[in-house]
Amino acid sequence: MAEETFKSFNSESSLIDQRLKIAIFTALLLVFGLLIRMYCLQIVEYKKFTTLSNDNRILIQPVPPLRGRIYDDSGHLIATNTPGYTLSIVPERVPSLEETLNFLKKIITISADDLKYFHRMLKQRPPFESIPLKYRLTQQEMARIAVDQYRLPGVEIQAQFIRYYPYNNLFSSVVGYVGRINDQEQKKLDPSLYRGTHIIGKTGIEYYYENVLLGKVGYREAETDVRGRVRRILKEEHPVKGRDLHLYINLELQKAVFEAMKGQQGAVVAIDPNTGGILAMVSTPTFNPNLFVTGISYKEYNALNNDPARPLFNRTTLGEYPPASTIKPIMALAALDSQKVTSEWTIFDPGYYQLPGFKHKYRNWKKDGQGSINLYKAIVKSNDTYFYNIAVKLGIDNIHKYTSMFGYGVRPDIDFFPVRGGLMPSPLWKKNVYHKPWYPGETVISGIGQGYMQVTPLQMAAAVAIIANKGKSVTPRIARPDADTPPVKPAITISSEKKWQPIIKAMQDAMSIQGTGWRMGTNNFTVAGKTGTAQVINIPQGERYNPKKLKQYELDHGLFIGFSPVQKPQIAIAVVAENQSKVAVAIARKIFQAYFDQQGKRAASVTQKNSAENNFSSATKSSVQEKQ
């Protein structure tokens with residue numbers, strides 16, 4: 001009997017139901033996945049794909065503004081912008097960033113520093129904004145990139161203006177420099193102000209006037225092809241150029257100061273006592289600021305940073321030195337004004353001073369003493385013993401009060417960065433810092449500008465300008481203000497102009513053959529000044545200073561403050577010659593001479609111009625009369 005196959009309708013029905021459920025679940029899963037993808041495209045990644053879509057046709061590019069230029073007082077450009085070509089990459093347009101970078105390294109030289117900065121900016125910059133990879137491309141490099149341009153989507157060669165300092169290191173201590181924006185600066189600055197801009201002022205005028213020099217960024221809407229190449233400009237909002245700055249600094253005087261300081265570590269600040277304008281400001285040795293503009297290499301930076309001469313250290317505003325004997329005119333004014341002594345008060349100098357009840361001797365610079373000394377002789381001959389007595393009569397509180405009036409221990413209000421305020425000690429300061437009382441001997445040595453006292457060359461120049469003005473204090477300024485009226489501080493409270501006369505007379509005679517400033521010599525200009533020798537290391541009691549037994553960096557500093565002409569001052573200067581105690585006056589003399597030589601040339605030029613104009617006017621008048 002043949003087998004018969006019977007169908008199981010229940011099994012088939014169950015199988016169909018299972019398959020149907022699987023099909024429906026799969027369909028629902030696919031629909032759900034589609035919905036999620038649509039949500040991501042339409043909601044989560046809307047901005048990204050909208051931008052990508054627009055960038056297939058329209059590219060919005062930031063246009064960096066031209067940085068403001070900087071001029072000296074005669075219109076010479078000391079900071080400008082030069083055209084250059086920069087290799088930049090838009091990462092969103094590059095199929096493989098790593099492959100592109102490797103390919104570029106094969107056809108042009110790209111340093112490790114450039115790559116490091118590129119990768120840092122990759123994490124910080126807004127989407128679709130180009131990142132500079134290498135500045136200042138050569139013609140050969142641009143040609144190599146152009147040949148392989150079809151292989152390099154997203155790679156651009158951009159024409160940009162790059163900061164340039166035509167006088168190299170001559171103005172580095174004044175203008176400062178710009179450099180690439182670092183991580184800390186990136187966090188603080190407003191991104192909208194720096195779109196397309198990758199440099200920022202780091203020091204000096206460039207830093208202080210960053211907001212003025214920067215300008216306002218512009219924008220450009222460009223139509224592009226599928227490779228990102230610009231076909232035409234649809235719309236453009238032009239950037240606003242940064243404002244130019246005109247300084248009080250004079251190119252020729254700056255050169256003269258630089259030449260006078262050649263081979264010498266130290267600083268010079270020259271100021272106009274009438275306006276407060278800084279005429280020259282030099283710190284030596286110095287450096288070329290152009291190295292920092294597009295990023296200095298680690299090798300070059302380490303060479304500068306590890307140089308024992310510290311070329312990156314701006315001594316004019318950061319260098320803090322004992323004022324030494326340059327403090328003596330201020331001490332004398334304080335004693336006269338507080339009526340502790342008169343100008344006729346006289347002592348006998350045996351070569352030292354002793355506090356009552358103490359054996360310690362505070363030595364005069366001249367070991368055997370200088371005999372009978374009054375205030376005039378004490379300044380002319382820079383007698384230490386006299387000013388030991390003055391300091392004790394004044395007391396440390398009065399010393400702090402009067403020196404602060406001259407700006408010592410106070411951060412100068414100047415349009416520059418960075419700046420230090422030095423130190424003018426007091427008992428309260430010592431208690432807070434060292435948790436110790438103030439000792440009488442510390443008051444004694446304050447009389448000759450030693451001990452805890454620290455001042456900067458800028459402060460010294462501003463202080464001697466106050467003496468030149470007989471109390472009128474003006475705010476030091478590097479950039480000329482928009483208005484013609486410079487800011488003026490109230491005159492300091494020295495009670496009578498008669499108090500100034502013996503001080504200024506003594507400072508003038510200190511520059512004669514009988515004074516400590518005899519190296520000033522005979523000139524066609526008058527000078528009132530004061531020398532100083534700042535002790536670098538302590539000499540034990542009973543021993544004499546012997547430079548032959550000391551290392552170079554242990555030798556005394558030479559200081560000078562002065563102004564000229566004495567009757568109507570036009571220039572006041574401060575000089576610090578590190579570890580060279582006998583050259584400061586000679587440096588000052590060269591600077592004064594250069595200044596007045598230049599003034600003479602200007603006067604002659606004006607006279608010649610007026611004469612030519614008068615001759616032209618006379619000739620024209622005669623011609624008209626003949627025609628009539």
# chains A, B, ... in the order shown; residues from 1 in each chain; ligands from 1
$ residues_around --residues "A:Ile494" --least-positions-apart "6" --cutoff "9 Å" --atoms "only C-alpha atoms" --output "ChimeraX atom specification"
/A:333-334,337-338,470-471,500
$ write_last_selection --atoms "N, CA, C and O atoms" --output "CSV table (one decimal), in the first residue's frame"
chain,number,residue,atom,x,y,z
A,333,LEU,N,66.7,117.2,48.6
A,333,LEU,CA,65.5,118.0,48.5
A,333,LEU,C,64.6,117.6,49.7
A,333,LEU,O,63.9,118.5,50.3
A,334,ALA,N,64.5,116.3,50.0
A,334,ALA,CA,63.7,115.9,51.2
A,334,ALA,C,64.1,116.5,52.5
A,334,ALA,O,63.3,117.0,53.3
A,337,ASP,N,63.2,120.3,52.3
A,337,ASP,CA,61.8,120.6,52.4
A,337,ASP,C,61.2,120.3,53.8
A,337,ASP,O,60.3,121.0,54.3
A,338,SER,N,61.8,119.2,54.4
A,338,SER,CA,61.3,118.8,55.7
A,338,SER,C,62.0,119.6,56.8
A,338,SER,O,61.7,119.4,58.0
A,470,LYS,N,61.5,121.2,38.2
A,470,LYS,CA,61.3,121.8,39.6
A,470,LYS,C,60.0,121.4,40.2
A,470,LYS,O,59.3,122.3,40.8
A,471,GLY,N,59.6,120.2,40.1
A,471,GLY,CA,58.4,119.7,40.7
A,471,GLY,C,57.3,119.3,39.8
A,471,GLY,O,56.4,118.5,40.2
A,500,TRP,N,64.9,124.2,45.2
A,500,TRP,CA,65.4,123.4,44.1
A,500,TRP,C,66.7,124.0,43.6
A,500,TRP,O,67.6,123.3,43.0
$ residues_around --residues "A:Ala572" --least-positions-apart "5" --cutoff "7 Å" --atoms "only C-alpha atoms" --output "PyMOL selection string"
chain A and resi 270-273+461+464-465+562-564
$ select_by_dssp --residues "stretch 117-262 of chain A" --states "strand (DSSP E or B)" --output "PyMOL selection string"
chain A and resi 131-134+155-164+177-180+199-203+216+218-224+230-237+240+245-247
$ closest_atom_pairs --of "stretch 395-461 of chain A" --to "stretch 536-558 of chain A" --cutoff "12 Å" --atoms "only C-alpha atoms" --output "CSV"
residue,atom,partner,partner_atom,distance
A:Gln450,CA,A:Val536,CA,9.8
A:Gly451,CA,A:Asn538,CA,10.0
A:Gln454,CA,A:Val536,CA,12.0
A:Pro457,CA,A:Gly558,CA,12.0
$ atom_distance --atom1 "atom CA of A:Tyr209" --atom2 "atom CA of A:Gly68"
9.8 Å
$ closest_atom_pairs --of "stretch 23-133 of chain A" --to "stretch 252-267 of chain A" --cutoff "12 Å" --atoms "only C-alpha atoms" --output "tab-separated table"
residue	atom	partner	partner_atom	distance
A:Asp72	CA	A:Glu252	CA	9.7
A:Asp73	CA	A:Glu252	CA	10.2
A:Ser74	CA	A:Glu252	CA	9.5
A:Gly75	CA	A:Glu252	CA	11.8
A:His76	CA	A:Glu252	CA	10.1
A:Ile78	CA	A:Gln254	CA	11.5
$ select_by_dssp --residues "stretch 318-408 of chain A" --states "helix (DSSP H, G or I)" --output "ChimeraX atom specification"
/A:318,324-337,375-380,384-394,396-405
$ residues_around --residues "A:Tyr164" --least-positions-apart "5" --cutoff "6 Å" --atoms "only C-alpha atoms" --output "list in words"
Ala79, Thr80 and Asn81 of chain A
$ write_last_selection --atoms "all heavy atoms" --output "PDB file, in the first residue's frame"
ATOM      1  N   ALA A  79      57.461 100.010  12.117  1.00  0.00           N
ATOM      2  CA  ALA A  79      56.734  98.738  12.101  1.00  0.00           C
ATOM      3  C   ALA A  79      55.708  98.816  10.983  1.00  0.00           C
ATOM      4  O   ALA A  79      54.856  99.709  10.983  1.00  0.00           O
ATOM      5  CB  ALA A  79      56.049  98.466  13.435  1.00  0.00           C
ATOM      6  N   THR A  80      55.780  97.907  10.027  1.00  0.00           N
ATOM      7  CA  THR A  80      54.898  97.964   8.867  1.00  0.00           C
ATOM      8  C   THR A  80      54.455  96.552   8.498  1.00  0.00           C
ATOM      9  O   THR A  80      54.635  95.602   9.270  1.00  0.00           O
ATOM     10  CB  THR A  80      55.604  98.660   7.693  1.00  0.00           C
ATOM     11  OG1 THR A  80      54.688  98.800   6.601  1.00  0.00           O
ATOM     12  CG2 THR A  80      56.832  97.897   7.237  1.00  0.00           C
ATOM     13  N   ASN A  81      53.845  96.404   7.330  1.00  0.00           N
ATOM     14  CA  ASN A  81      53.357  95.113   6.858  1.00  0.00           C
ATOM     15  C   ASN A  81      53.861  94.880   5.441  1.00  0.00           C
ATOM     16  O   ASN A  81      53.779  95.778   4.596  1.00  0.00           O
ATOM     17  CB  ASN A  81      51.826  95.076   6.861  1.00  0.00           C
ATOM     18  CG  ASN A  81      51.243  95.504   8.190  1.00  0.00           C
ATOM     19  OD1 ASN A  81      51.311  94.790   9.170  1.00  0.00           O
ATOM     20  ND2 ASN A  81      50.686  96.715   8.238  1.00  0.00           N
TER      21      ASN A  81
END
$ atom_distance --atom1 "atom CA of A:Ser496" --atom2 "atom CA of A:Ile466"
14.5 Å
$ residues_around --residues "A:Ser473" --least-positions-apart "4" --cutoff "12 Å" --atoms "only C-alpha atoms" --output "MDAnalysis selection string"
chainID A and resid 271:276 405:407 412:413 461:469 486:493
$ residues_around --residues "A:Phe417" --least-positions-apart "3" --cutoff "9 Å" --atoms "only C-alpha atoms" --output "list in words"
Gly176, Lys202, Thr203, Gly204, Ile205, Glu206, Tyr207, Tyr208, Thr317 and Ile414 of chain A
$ write_last_selection --atoms "N, CA and C atoms" --output "PDB file, in the first residue's frame"
ATOM      1  N   GLY A 176      58.385  96.286  20.688  1.00  0.00           N
ATOM      2  CA  GLY A 176      58.078  94.911  21.039  1.00  0.00           C
ATOM      3  C   GLY A 176      57.940  94.075  19.780  1.00  0.00           C
ATOM      4  N   LYS A 202      52.641  90.829  21.485  1.00  0.00           N
ATOM      5  CA  LYS A 202      53.182  90.090  22.629  1.00  0.00           C
ATOM      6  C   LYS A 202      53.801  90.997  23.679  1.00  0.00           C
ATOM      7  N   THR A 203      54.542  92.009  23.259  1.00  0.00           N
ATOM      8  CA  THR A 203      55.213  92.912  24.199  1.00  0.00           C
ATOM      9  C   THR A 203      55.205  94.328  23.631  1.00  0.00           C
ATOM     10  N   GLY A 204      55.627  95.280  24.486  1.00  0.00           N
ATOM     11  CA  GLY A 204      55.844  96.655  24.046  1.00  0.00           C
ATOM     12  C   GLY A 204      54.591  97.350  23.555  1.00  0.00           C
ATOM     13  N   ILE A 205      54.789  98.257  22.607  1.00  0.00           N
ATOM     14  CA  ILE A 205      53.697  99.005  22.004  1.00  0.00           C
ATOM     15  C   ILE A 205      52.720  98.069  21.293  1.00  0.00           C
ATOM     16  N   GLU A 206      53.246  97.036  20.653  1.00  0.00           N
ATOM     17  CA  GLU A 206      52.404  96.079  19.935  1.00  0.00           C
ATOM     18  C   GLU A 206      51.372  95.450  20.877  1.00  0.00           C
ATOM     19  N   TYR A 207      51.765  95.178  22.103  1.00  0.00           N
ATOM     20  CA  TYR A 207      50.841  94.582  23.074  1.00  0.00           C
ATOM     21  C   TYR A 207      49.893  95.642  23.644  1.00  0.00           C
ATOM     22  N   TYR A 208      50.445  96.758  24.084  1.00  0.00           N
ATOM     23  CA  TYR A 208      49.643  97.761  24.784  1.00  0.00           C
ATOM     24  C   TYR A 208      48.537  98.317  23.886  1.00  0.00           C
ATOM     25  N   THR A 317      62.387  98.739  31.426  1.00  0.00           N
ATOM     26  CA  THR A 317      61.177  98.743  32.252  1.00  0.00           C
ATOM     27  C   THR A 317      61.124  97.592  33.254  1.00  0.00           C
ATOM     28  N   ILE A 414      52.561 104.179  32.166  1.00  0.00           N
ATOM     29  CA  ILE A 414      53.086 104.385  30.820  1.00  0.00           C
ATOM     30  C   ILE A 414      52.411 103.417  29.861  1.00  0.00           C
TER      31      ILE A 414
END
$ closest_residue --among "A:Gly295, A:Gly422, A:Pro239, A:Gly351" --to "A:Leu318" --atoms "only C-alpha atoms"
A:Gly422
$ closest_residue --among "A:Arg519, A:Arg195, A:Arg310, A:Arg315" --to "A:Val282" --atoms "only C-alpha atoms"
A:Arg315
$ closest_residue --among "A:Gln184, A:Thr475, A:Thr82, A:Asn10" --to "A:Val293" --atoms "only C-alpha atoms"
A:Thr82
$ closest_residue --among "A:Leu245, A:Leu122, A:Ala574, A:Leu137" --to "A:Ile108" --atoms "only C-alpha atoms"
A:Leu137
$ atom_distance --atom1 "atom CA of A:Lys123" --atom2 "atom CA of A:Ile107"
25.7 Å
